[in-house]
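All remarks here apply to the structure that follows.
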Amino acid sequence: MLDVEEVSSGNPTVEETHTTRPTEKSISLCASWKAVIRTMIDPFVKYTTAMLGKPLPVLGSLLSSCTAHCQEQKATNILCLFLDRNCDCSTLPQTLISHGLFPTAPSQPRMAVSVELLSFYRALFERSCDAIYALAAALNTYYNRRGFRVTNQKGTTVKEPFRRGLSQAVQWYAILQAEVDKQVDDILQHCRRLVKLSAIESCSLHPPMSCPSPSTLQEPVSQGSCAEVLIQRCPACFGGVSFGTPLDKGGDIHVAMDGNFHHRHRRSAGISPLFYEPSYFLPKAQVDAVGRHIDQARQRPSKRSRSMVPDEAIDQCEASYEAADGQKQKASTDGFDDTGLMALICRHDIPLFFANIDTPGEQQKYSVALIQHLFSLLPRQANVVVLYDVGCVLSRSLSRFDILDQVLMPRIRFATTAMHAYGHEWACQLVYNPRLISGLGLSDGEGTERLWSRFIKLIGIERVSSRQRRIWLLDRHATAIGYEMRTELGDWIRRRLRKGVHEQGSAAQEVLDNCGVSITELREQWSSQRAAQLSIRAHAPAKLKKELDTVLALQADLDTTTKVVQGARATIERGNVTPDILDALASVERSHTRLVIKAEALYSSLNVHEQFPQLTNVSLDFVRTLLMARDLKINIRKRAIGSFFEWDKLDRAVGGKDKPLGTKLHQQTRKAIAKRQPALMSAIRKYNTYCEQLSQLHDPSWAIPLPIPLPTKLVDLRNDASLMEDVWITPSPGETPLWLQDADVRDGIRALLKHERCLEEQRRLGSEADNMCRWFGHELSAIQVALRQSENGNYHLILRQHLETILELQERWPTVLCSSSHYTYQARVSIQLADTITGASLPSLNWLTPVVVNDLANNDDDEDILGVTDLLGPDPTDLSLAPEQIALSDILGVGHADDQDDVEGDVETPPPVSFKWKIPHDVEVRAIKLPVIWTSIDGFPRQTFLLGDINILTSPHAQLNDTCINGCATLLYSAFVPTAASCAIFSTHDLPRIRFNAEDDTLWRNLSWTRFWEKSIWILPIHRSSPVGHWVLCTIDFRSRQLFLFDSLAEQKPWKNDIKDIMRLICRLSNLATQRFGTTHQDQGDWTAQPVLLEPCQTNGYDCGVWILAQMAAVLRGYEVTGIEECNISRFRRFLCVLILRIAALG
């Protein structure tokens, strides 16, 4: 039995009262909590640091944080809740938190909760949302079963002993955690600025590289970069450094907006004191200020705007969507003070900001406020595409009234969300449907719906929580969702590449291949279709008077009445009826006939031909039927799309992807859908009847295209593209366009649009992958800097956790667009950068500014690798090379051929070389093309390729061995004679012979066949065995006395030792030639060593051997560096296999 003084609110003797405004007691309690939280940060951080990764200690019955050994100490009895089992030096809350306990009251608590239990609940909340009642009840049951009951002073069992205290502890522990996170973020933000300043200083040393100026770092948004809050939420979207992509090409950033009116708050739940500053929600004052500005703007005369979509079409869209009607009441305001939420997300579905809706409808002030807030955090040149279910309506409003700053209007483009677009008018879709307009890739804007599904568990809790607690719950959940989705960005890109770009792109390409129409023709037809369907005449029915719609509706009702009267006569005549009944029936028929005649006269009086001069020569019956068919098809489209939405929702619930439906609700949903299906089918059959009548009334001279009947099955109707197209109601001069009459052309246009969207998506994904990798490096550098600063000692382990979390992305984020080697490189550079910023010494490496070389490689993926694609390019016309050189004294001097003493003295003294780590200014890069294979071996030793060697070459992930390198080098030489005749190719074993001081006879026996003394260029493959096996290549040019260094990983440091051995090889072989033939020393003069590339061209760990063979092929052709890109290196490997197989076939 545990006797506590704190009595829960669940005691039946205590009456619960509801207040709509915070009381003085609650305000005082909130202030006390805020004050005590600030004092608990330091001991909480120390406790977290001490317990990280360690088992929980067994606490004694006495807890104390006294460090001064005070004689007088105050004792307090505390009931402690564990997950598994004071004096003047510190306050009671500080003492508790130092021992892993969190108080349930700011002063004089009678209960404390284990920090580990609260941390566990926090993780549970992120998955299942708020569950205080469940946890409190579970703890009470758990302790009761173990024999512990909580009683009051009278000995009566407390009914709910933990609910109130646990609720307070959970709430304020989250505030404490938020304060700690804020302090850690302040530390990292300071370090991010240091990293950015370091990057600017680095840029100042390399003018060709673009970087922000120091003056912009003090601004909210620096030139060329987004605000840090956006970068941290989605580095893929906002981590870029260059902006200004035109809107017609997709802009720089895609975002989506949507409102939700399920997240309401009951007014009776009351208002608590403000205890939390949300990071995702816009302040109410900011949203209301935007609303007042919109009201003032609408009171001024509207501007004349030129829209591609006729106003008649947008008016129809506005009438069709409730979101476009800001005055329509979507939620009752009688019992609710907050009626919903408005969300702004990026294209990866990560939440960016929210606006709390407190009006009955979805007014434009919420969307405009979110847009304005977003632009305030973006660079001045950034362009944004906003996807919104009524984007067409909002776009027209912004163009008519001065709602948005005119500076922002040219930087924003609106589109509808992909699924909601099909409820819009066809003309609206031509301009706003993301699947039909260029630049948007596969962005669909439907991520808001996916986001709302993750918030669905909070709906019930929000309504009964206080107003401030509701915002706190939503903000916490948004933080957890955003963090999780940021971690899964790599999975998102891989899934989009597989499901979107590859699968949809392949399907579209197959249709294009089979449609039999050229791409140029399809583009012309699509342009013609857009122009025709966006013209004013295509929307002429919207100009008709309201009487015309009334007459058409009356005509439809009369047709129904005719069938009823005819059915009644047939039934009556089958029975024995009196003449009076037949007379009455005849009177009804005459009255009905007069009504039909009057309806015809009324229709004729509308003078349709005057309103449609182009229909002057067309039969009135045909025009009337055509207009009725058009209106009916619009109605069918709306009903069909609504039915599609319902079935999709039901299917997702049954399949487990959505919130499950109970049996009763599932049956009710199916029944409701089934009730509406007959009306839809009846409308489709009636429309098809109109199509048949039109075909009978049609005269080809009118040049009016006939509408196409619709399928009567929902599955076929869903896949019928003609459902989205309106009925053509005006003559088409000349021949009927192919896009209107040729099904293959229509299929080809749709496939072309899909194929273009897939290509756009692939390009955008590549940019996003680069942004993620760049952010990874910068964030890693900031954390490394923070860990090296002594003033952050208290947060060292928390920062270490951040470091481990970021390093985990090194495994989750790499994709085919940005491989793991890029992330490994960023991780390595981050350590070096952190050492530089914090003052640690770095190796004396001087990476000079690279010289940008135009890559003239022409990669044609559609050609045949065995004989059509030419990977090696034309013969060079100019081999001149004049790099900057650093002159060194020639320690060999000028000797003579017969001066044997000087020769012998020079054998062990190679000439020095200047190591200059930058690319020569005139390096030529040429495309590599497939040559004609020559069968001669040109004096090379016989090469034998065993089956294992061929298997290595054919394997796409195998590293080449010595046999592969030496053998393929022989075949490449033979393939490029006579251009290669000036080159001597050494074996991979020759440099090791120099390193191990082989005798002159051994060197001569293995190298004399190359006739190296007659060659002006030596090609030397080198194998580095440490730390891992890696192939590099050195080209020795005696004409310019230069060493051209090729390393596919672009590493500088290992070359220093290699160059010493290379110069020893040059010296010894020159002396050998002088001794035997009396030739002049080729090694006399000043030498320089320079790389041919500074950036890695290889991102995996196995293609280095293939890369040096590609470089060797370029040198044999007379170039200094290969033009092959990594995407084609596998094709070059296959080309090497072809060389071997052809030689084997000829042998």
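Ordering of the structure tokens sets the chain letters (A, B, ...); residue numbers start at 1 within each chain; ligands are numbered from 1 in the order shown.
Contact shell of Leu96 in chain A at 8 Å (only C-alpha atoms; same-chain neighbours under 5 positions omitted): A:Leu63, A:Leu101, A:Phe102, A:Pro103, A:Ala112.
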Which of range 373-508 of chain A DSSP labels helix (DSSP H, G or I), written as an mmCIF file with N, CA and C atoms, in the first residue's frame:
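Saved as out_32.cif:
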data_model
loop_
_atom_site.group_PDB
_atom_site.id
_atom_site.type_symbol
_atom_site.label_atom_id
_atom_site.label_comp_id
_atom_site.auth_asym_id
_atom_site.auth_seq_id
_atom_site.Cartn_x
_atom_site.Cartn_y
_atom_site.Cartn_z
ATOM 1 N N HIS A 373 5.038 32.815 -46.832
ATOM 2 C CA HIS A 373 6.035 32.399 -45.841
ATOM 3 C C HIS A 373 7.137 31.566 -46.499
ATOM 4 N N LEU A 374 6.760 30.718 -47.442
ATOM 5 C CA LEU A 374 7.757 29.924 -48.147
ATOM 6 C C LEU A 374 8.712 30.812 -48.936
ATOM 7 N N PHE A 375 8.182 31.769 -49.668
ATOM 8 C CA PHE A 375 9.038 32.633 -50.480
ATOM 9 C C PHE A 375 9.954 33.498 -49.611
ATOM 10 N N GLY A 391 -5.794 24.892 -57.994
ATOM 11 C CA GLY A 391 -4.729 25.805 -58.387
ATOM 12 C C GLY A 391 -5.142 26.756 -59.489
ATOM 13 N N CYS A 392 -6.037 26.310 -60.370
ATOM 14 C CA CYS A 392 -6.491 27.180 -61.457
ATOM 15 C C CYS A 392 -7.253 28.382 -60.913
ATOM 16 N N VAL A 393 -8.092 28.158 -59.918
ATOM 17 C CA VAL A 393 -8.894 29.238 -59.345
ATOM 18 C C VAL A 393 -8.002 30.213 -58.584
ATOM 19 N N LEU A 394 -7.077 29.680 -57.787
ATOM 20 C CA LEU A 394 -6.172 30.542 -57.026
ATOM 21 C C LEU A 394 -5.266 31.342 -57.963
ATOM 22 N N SER A 395 -4.814 30.719 -59.042
ATOM 23 C CA SER A 395 -3.966 31.421 -60.000
ATOM 24 C C SER A 395 -4.709 32.599 -60.622
ATOM 25 N N ARG A 396 -5.966 32.398 -60.964
ATOM 26 C CA ARG A 396 -6.740 33.489 -61.563
ATOM 27 C C ARG A 396 -6.956 34.613 -60.560
ATOM 28 N N SER A 397 -7.208 34.267 -59.305
ATOM 29 C CA SER A 397 -7.412 35.310 -58.286
ATOM 30 C C SER A 397 -6.158 36.152 -58.102
ATOM 31 N N LEU A 398 -5.000 35.492 -58.067
ATOM 32 C CA LEU A 398 -3.757 36.228 -57.859
ATOM 33 C C LEU A 398 -3.415 37.109 -59.054
ATOM 34 N N SER A 399 -3.836 36.698 -60.248
ATOM 35 C CA SER A 399 -3.551 37.509 -61.429
ATOM 36 C C SER A 399 -4.515 38.682 -61.562
ATOM 37 N N ARG A 400 -5.699 38.565 -60.976
ATOM 38 C CA ARG A 400 -6.685 39.645 -61.080
ATOM 39 C C ARG A 400 -6.512 40.699 -59.995
ATOM 40 N N MET A 409 5.063 37.135 -58.390
ATOM 41 C CA MET A 409 4.186 36.552 -59.407
ATOM 42 C C MET A 409 4.956 35.900 -60.559
ATOM 43 N N PRO A 410 6.038 36.506 -61.080
ATOM 44 C CA PRO A 410 6.761 35.822 -62.166
ATOM 45 C C PRO A 410 7.529 34.589 -61.692
ATOM 46 N N ARG A 411 7.608 34.384 -60.382
ATOM 47 C CA ARG A 411 8.402 33.274 -59.846
ATOM 48 C C ARG A 411 7.540 32.113 -59.382
ATOM 49 N N HIS A 420 -6.844 15.036 -58.581
ATOM 50 C CA HIS A 420 -7.935 15.998 -58.601
ATOM 51 C C HIS A 420 -8.058 16.679 -59.958
ATOM 52 N N ALA A 421 -7.001 16.646 -60.758
ATOM 53 C CA ALA A 421 -7.050 17.321 -62.060
ATOM 54 C C ALA A 421 -8.142 16.751 -62.934
ATOM 55 N N TYR A 422 -8.456 15.479 -62.764
ATOM 56 C CA TYR A 422 -9.430 14.842 -63.652
ATOM 57 C C TYR A 422 -10.856 15.259 -63.333
ATOM 58 N N GLY A 423 -11.048 16.003 -62.273
ATOM 59 C CA GLY A 423 -12.353 16.583 -62.004
ATOM 60 C C GLY A 423 -12.503 17.974 -62.579
ATOM 61 N N TRP A 426 -11.606 20.070 -69.199
ATOM 62 C CA TRP A 426 -10.492 19.609 -70.032
ATOM 63 C C TRP A 426 -9.555 20.759 -70.400
ATOM 64 N N ALA A 427 -10.104 21.921 -70.690
ATOM 65 C CA ALA A 427 -9.256 23.070 -71.011
ATOM 66 C C ALA A 427 -8.379 23.445 -69.824
ATOM 67 N N CYS A 428 -8.919 23.326 -68.634
ATOM 68 C CA CYS A 428 -8.127 23.591 -67.429
ATOM 69 C C CYS A 428 -7.008 22.566 -67.289
ATOM 70 N N GLN A 429 -7.294 21.312 -67.604
ATOM 71 C CA GLN A 429 -6.269 20.280 -67.513
ATOM 72 C C GLN A 429 -5.124 20.530 -68.488
ATOM 73 N N LEU A 430 -5.430 21.066 -69.645
ATOM 74 C CA LEU A 430 -4.385 21.311 -70.635
ATOM 75 C C LEU A 430 -3.327 22.282 -70.123
ATOM 76 N N VAL A 431 -3.681 23.120 -69.156
ATOM 77 C CA VAL A 431 -2.754 24.120 -68.635
ATOM 78 C C VAL A 431 -2.282 23.791 -67.226
ATOM 79 N N TYR A 432 -3.104 23.069 -66.457
ATOM 80 C CA TYR A 432 -2.793 22.878 -65.044
ATOM 81 C C TYR A 432 -2.575 21.427 -64.634
ATOM 82 N N GLY A 447 0.705 14.171 -52.186
ATOM 83 C CA GLY A 447 1.355 13.821 -50.924
ATOM 84 C C GLY A 447 0.618 14.326 -49.708
ATOM 85 N N THR A 448 -0.183 15.391 -49.885
ATOM 86 C CA THR A 448 -0.967 15.874 -48.751
ATOM 87 C C THR A 448 -1.966 14.820 -48.287
ATOM 88 N N GLU A 449 -2.548 14.094 -49.237
ATOM 89 C CA GLU A 449 -3.483 13.034 -48.850
ATOM 90 C C GLU A 449 -2.753 11.943 -48.070
ATOM 91 N N ARG A 450 -1.540 11.623 -48.512
ATOM 92 C CA ARG A 450 -0.749 10.627 -47.786
ATOM 93 C C ARG A 450 -0.350 11.151 -46.409
ATOM 94 N N LEU A 451 -0.105 12.468 -46.319
ATOM 95 C CA LEU A 451 0.232 13.047 -45.015
ATOM 96 C C LEU A 451 -0.959 13.002 -44.078
ATOM 97 N N TRP A 452 -2.142 13.343 -44.580
ATOM 98 C CA TRP A 452 -3.326 13.319 -43.716
ATOM 99 C C TRP A 452 -3.591 11.922 -43.180
ATOM 100 N N SER A 453 -3.281 10.900 -43.964
ATOM 101 C CA SER A 453 -3.504 9.537 -43.478
ATOM 102 C C SER A 453 -2.608 9.211 -42.286
ATOM 103 N N ARG A 454 -1.471 9.894 -42.165
ATOM 104 C CA ARG A 454 -0.576 9.657 -41.034
ATOM 105 C C ARG A 454 -0.989 10.458 -39.804
ATOM 106 N N PHE A 455 -1.860 11.454 -40.011
ATOM 107 C CA PHE A 455 -2.360 12.252 -38.887
ATOM 108 C C PHE A 455 -3.723 11.769 -38.396
ATOM 109 N N ILE A 456 -4.253 10.737 -39.015
ATOM 110 C CA ILE A 456 -5.639 10.370 -38.755
ATOM 111 C C ILE A 456 -5.863 9.927 -37.301
ATOM 112 N N LYS A 457 -4.825 9.367 -36.668
ATOM 113 C CA LYS A 457 -4.988 8.877 -35.298
ATOM 114 C C LYS A 457 -5.103 10.000 -34.280
ATOM 115 N N LEU A 458 -4.766 11.217 -34.690
ATOM 116 C CA LEU A 458 -4.826 12.342 -33.757
ATOM 117 C C LEU A 458 -6.182 13.041 -33.758
ATOM 118 N N ILE A 459 -7.056 12.684 -34.700
ATOM 119 C CA ILE A 459 -8.303 13.437 -34.861
ATOM 120 C C ILE A 459 -9.139 13.429 -33.583
ATOM 121 N N GLY A 460 -9.361 12.254 -33.021
ATOM 122 C CA GLY A 460 -10.187 12.179 -31.818
ATOM 123 C C GLY A 460 -9.561 12.875 -30.632
ATOM 124 N N ILE A 461 -8.238 12.781 -30.504
ATOM 125 C CA ILE A 461 -7.554 13.380 -29.355
ATOM 126 C C ILE A 461 -7.561 14.899 -29.459
ATOM 127 N N GLU A 462 -7.409 15.417 -30.673
ATOM 128 C CA GLU A 462 -7.367 16.863 -30.859
ATOM 129 C C GLU A 462 -8.654 17.530 -30.374
ATOM 130 N N ARG A 463 -9.762 16.895 -30.596
ATOM 131 C CA ARG A 463 -11.044 17.549 -30.331
ATOM 132 C C ARG A 463 -11.289 17.761 -28.847
ATOM 133 N N VAL A 464 -10.731 16.911 -28.002
ATOM 134 C CA VAL A 464 -10.994 17.019 -26.564
ATOM 135 C C VAL A 464 -9.813 17.593 -25.811
ATOM 136 N N ARG A 467 -6.813 23.889 -26.612
ATOM 137 C CA ARG A 467 -6.465 24.447 -27.917
ATOM 138 C C ARG A 467 -4.949 24.449 -28.141
ATOM 139 N N GLN A 468 -4.187 24.831 -27.103
ATOM 140 C CA GLN A 468 -2.730 24.861 -27.240
ATOM 141 C C GLN A 468 -2.141 23.462 -27.286
ATOM 142 N N ARG A 469 -2.742 22.537 -26.526
ATOM 143 C CA ARG A 469 -2.234 21.165 -26.542
ATOM 144 C C ARG A 469 -2.470 20.517 -27.913
ATOM 145 N N ARG A 470 -3.570 20.879 -28.544
ATOM 146 C CA ARG A 470 -3.828 20.354 -29.891
ATOM 147 C C ARG A 470 -2.700 20.751 -30.843
ATOM 148 N N ILE A 471 -2.325 22.029 -30.832
ATOM 149 C CA ILE A 471 -1.234 22.485 -31.697
ATOM 150 C C ILE A 471 0.061 21.778 -31.339
ATOM 151 N N TRP A 472 0.289 21.580 -30.036
ATOM 152 C CA TRP A 472 1.514 20.895 -29.591
ATOM 153 C C TRP A 472 1.549 19.453 -30.104
ATOM 154 N N LEU A 473 0.426 18.753 -30.007
ATOM 155 C CA LEU A 473 0.373 17.369 -30.485
ATOM 156 C C LEU A 473 0.647 17.296 -31.983
ATOM 157 N N LEU A 474 -0.001 18.197 -32.747
ATOM 158 C CA LEU A 474 0.196 18.191 -34.197
ATOM 159 C C LEU A 474 1.634 18.537 -34.562
ATOM 160 N N ASP A 475 2.209 19.506 -33.862
ATOM 161 C CA ASP A 475 3.570 19.927 -34.165
ATOM 162 C C ASP A 475 4.573 18.821 -33.838
ATOM 163 N N ARG A 476 4.362 18.138 -32.721
ATOM 164 C CA ARG A 476 5.250 17.022 -32.367
ATOM 165 C C ARG A 476 5.175 15.914 -33.408
ATOM 166 N N HIS A 477 3.959 15.608 -33.826
ATOM 167 C CA HIS A 477 3.794 14.526 -34.785
ATOM 168 C C HIS A 477 4.381 14.907 -36.141
ATOM 169 N N ALA A 478 4.224 16.159 -36.532
ATOM 170 C CA ALA A 478 4.825 16.612 -37.786
ATOM 171 C C ALA A 478 6.344 16.516 -37.731
ATOM 172 N N THR A 479 6.920 16.834 -36.571
ATOM 173 C CA THR A 479 8.377 16.725 -36.412
ATOM 174 C C THR A 479 8.832 15.285 -36.578
ATOM 175 N N ALA A 480 8.119 14.360 -35.940
ATOM 176 C CA ALA A 480 8.498 12.949 -36.041
ATOM 177 C C ALA A 480 8.340 12.437 -37.468
ATOM 178 N N ILE A 481 7.256 12.816 -38.125
ATOM 179 C CA ILE A 481 7.031 12.374 -39.502
ATOM 180 C C ILE A 481 8.093 12.949 -40.431
ATOM 181 N N GLY A 482 8.396 14.234 -40.270
ATOM 182 C CA GLY A 482 9.389 14.868 -41.125
ATOM 183 C C GLY A 482 10.760 14.247 -40.969
ATOM 184 N N TYR A 483 11.141 13.938 -39.728
ATOM 185 C CA TYR A 483 12.450 13.313 -39.491
ATOM 186 C C TYR A 483 12.512 11.933 -40.141
ATOM 187 N N GLU A 484 11.456 11.160 -39.980
ATOM 188 C CA GLU A 484 11.435 9.816 -40.563
ATOM 189 C C GLU A 484 11.475 9.872 -42.092
ATOM 190 N N MET A 485 10.720 10.791 -42.673
ATOM 191 C CA MET A 485 10.667 10.864 -44.125
ATOM 192 C C MET A 485 11.976 11.412 -44.694
ATOM 193 N N ARG A 486 12.653 12.272 -43.966
ATOM 194 C CA ARG A 486 13.965 12.733 -44.425
ATOM 195 C C ARG A 486 14.959 11.584 -44.445
ATOM 196 N N THR A 487 14.891 10.726 -43.445
ATOM 197 C CA THR A 487 15.777 9.568 -43.412
ATOM 198 C C THR A 487 15.501 8.634 -44.584
ATOM 199 N N LEU A 489 14.642 9.398 -47.655
ATOM 200 C CA LEU A 489 14.732 10.037 -48.962
ATOM 201 C C LEU A 489 15.414 9.142 -49.997
ATOM 202 N N GLY A 490 16.434 8.401 -49.569
ATOM 203 C CA GLY A 490 17.098 7.487 -50.500
ATOM 204 C C GLY A 490 16.146 6.418 -51.015
ATOM 205 N N ASP A 491 15.343 5.857 -50.098
ATOM 206 C CA ASP A 491 14.348 4.863 -50.516
ATOM 207 C C ASP A 491 13.327 5.497 -51.463
ATOM 208 N N TRP A 492 12.955 6.750 -51.208
ATOM 209 C CA TRP A 492 11.975 7.441 -52.042
ATOM 210 C C TRP A 492 12.505 7.583 -53.467
ATOM 211 N N ILE A 493 13.755 7.976 -53.600
ATOM 212 C CA ILE A 493 14.333 8.168 -54.934
ATOM 213 C C ILE A 493 14.449 6.830 -55.658
ATOM 214 N N ARG A 494 14.900 5.799 -54.950
ATOM 215 C CA ARG A 494 15.009 4.479 -55.603
ATOM 216 C C ARG A 494 13.644 3.979 -56.043
ATOM 217 N N ARG A 495 12.631 4.188 -55.206
ATOM 218 C CA ARG A 495 11.281 3.742 -55.559
ATOM 219 C C ARG A 495 10.744 4.535 -56.755
ATOM 220 N N ARG A 496 11.013 5.827 -56.793
ATOM 221 C CA ARG A 496 10.538 6.638 -57.902
ATOM 222 C C ARG A 496 11.258 6.256 -59.202
ATOM 223 N N LEU A 497 12.539 5.938 -59.089
ATOM 224 C CA LEU A 497 13.265 5.502 -60.284
ATOM 225 C C LEU A 497 12.708 4.187 -60.819
ATOM 226 N N ARG A 498 12.402 3.260 -59.896
ATOM 227 C CA ARG A 498 11.951 1.939 -60.324
ATOM 228 C C ARG A 498 10.504 1.964 -60.787
ATOM 229 N N LYS A 499 9.626 2.482 -59.925
ATOM 230 C CA LYS A 499 8.196 2.448 -60.221
ATOM 231 C C LYS A 499 7.788 3.512 -61.229
ATOM 232 N N GLY A 500 8.447 4.661 -61.167
ATOM 233 C CA GLY A 500 8.052 5.756 -62.023
ATOM 234 C C GLY A 500 8.833 5.826 -63.312
ATOM 235 N N VAL A 501 10.103 6.191 -63.202
ATOM 236 C CA VAL A 501 10.897 6.455 -64.402
ATOM 237 C C VAL A 501 11.047 5.202 -65.250
ATOM 238 N N HIS A 502 11.437 4.087 -64.614
ATOM 239 C CA HIS A 502 11.728 2.884 -65.400
ATOM 240 C C HIS A 502 10.457 2.230 -65.930
ATOM 241 N N GLU A 503 9.527 1.895 -65.041
ATOM 242 C CA GLU A 503 8.348 1.143 -65.466
ATOM 243 C C GLU A 503 7.449 1.982 -66.372
ATOM 244 N N GLN A 504 7.122 3.191 -65.947
ATOM 245 C CA GLN A 504 6.238 4.025 -66.765
ATOM 246 C C GLN A 504 6.937 4.484 -68.040
ATOM 247 N N GLY A 505 8.228 4.806 -67.923
ATOM 248 C CA GLY A 505 8.964 5.208 -69.118
ATOM 249 C C GLY A 505 9.080 4.096 -70.136
ATOM 250 N N SER A 506 9.303 2.863 -69.669
ATOM 251 C CA SER A 506 9.405 1.731 -70.590
ATOM 252 C C SER A 506 8.078 1.459 -71.278
ATOM 253 N N ALA A 507 6.990 1.532 -70.503
ATOM 254 C CA ALA A 507 5.665 1.320 -71.097
ATOM 255 C C ALA A 507 5.352 2.392 -72.138
ATOM 256 N N ALA A 508 5.701 3.641 -71.837
ATOM 257 C CA ALA A 508 5.453 4.717 -72.801
ATOM 258 C C ALA A 508 6.305 4.538 -74.052
#
Q.
So that I can check the surroundings of Leu1109 in chain A, please list as a PyMOL selection string every protein, DNA and RNA residue that reaches within 12 Å of it, counting only C-alpha atoms and ignoring chain neighbours fewer than 6 positions away.
A. chain A and resi 928+960+962+964-973+985+1019-1022+1031-1034+1046-1048+1103+1115-1116+1121-1122+1124+1129+1132-1133+1135-1136
**Q.** Polymer residues at most 10 Å from Glu692 in chain A, only C-alpha atoms, same-chain spacing of 6 or more positions, as a count of residues only
**A.** 6
Q) Do you know which residues are at most 12 Å from Thr1002 in chain A counting only C-alpha atoms, after dropping those on the same chain fewer than 6 positions away, and could you put them as a list in words? A) His989, Asp990, Arg993, Ile994, Phe996, Ser1008, Leu1069 and Leu1072 of chain A
Q | Minimum-distance residue to Asp402 in chain A, chosen among A:Ser225, A:Asn635, A:Gln299, A:Ser987 (using only C-alpha atoms) | A | A:Gln299
(Q) DSSP on the backbone: which residues in range 356-590 of chain A end up as strand (DSSP E or B)? Give the answer as a PyMOL selection string. (A) chain A and resi 356-357+384-387+412-415
Q) What is the CA of Lys34 in chain A to CA of Val115 in chain A distance in Å? A) 18.2 Å
Q | Point-to-point distance in Å for CA of His1023 in chain A and CA of Thr1099 in chain A | A |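 It comes out at 18.3 Å.
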Q) Expressed in Å to a single decimal, how great is the separation between CA of Cys237 in chain A and CA of Ile831 in chain A? A) 25.6 Å
**Q.** Residue with smallest distance to Glu228 in chain A - pool A:Arg149, A:His190, A:Lys633, A:Lys1060, counting only C-alpha atoms
**A.**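 Closest to Glu228 in chain A, using only C-alpha atoms: A:His190.
Ranking A:Val290, A:Ile1062, A:Met628, A:Leu809 by their shortest atom-to-atom distance to Phe1044 in chain A, with only C-alpha atoms included, puts A:Ile1062 first.
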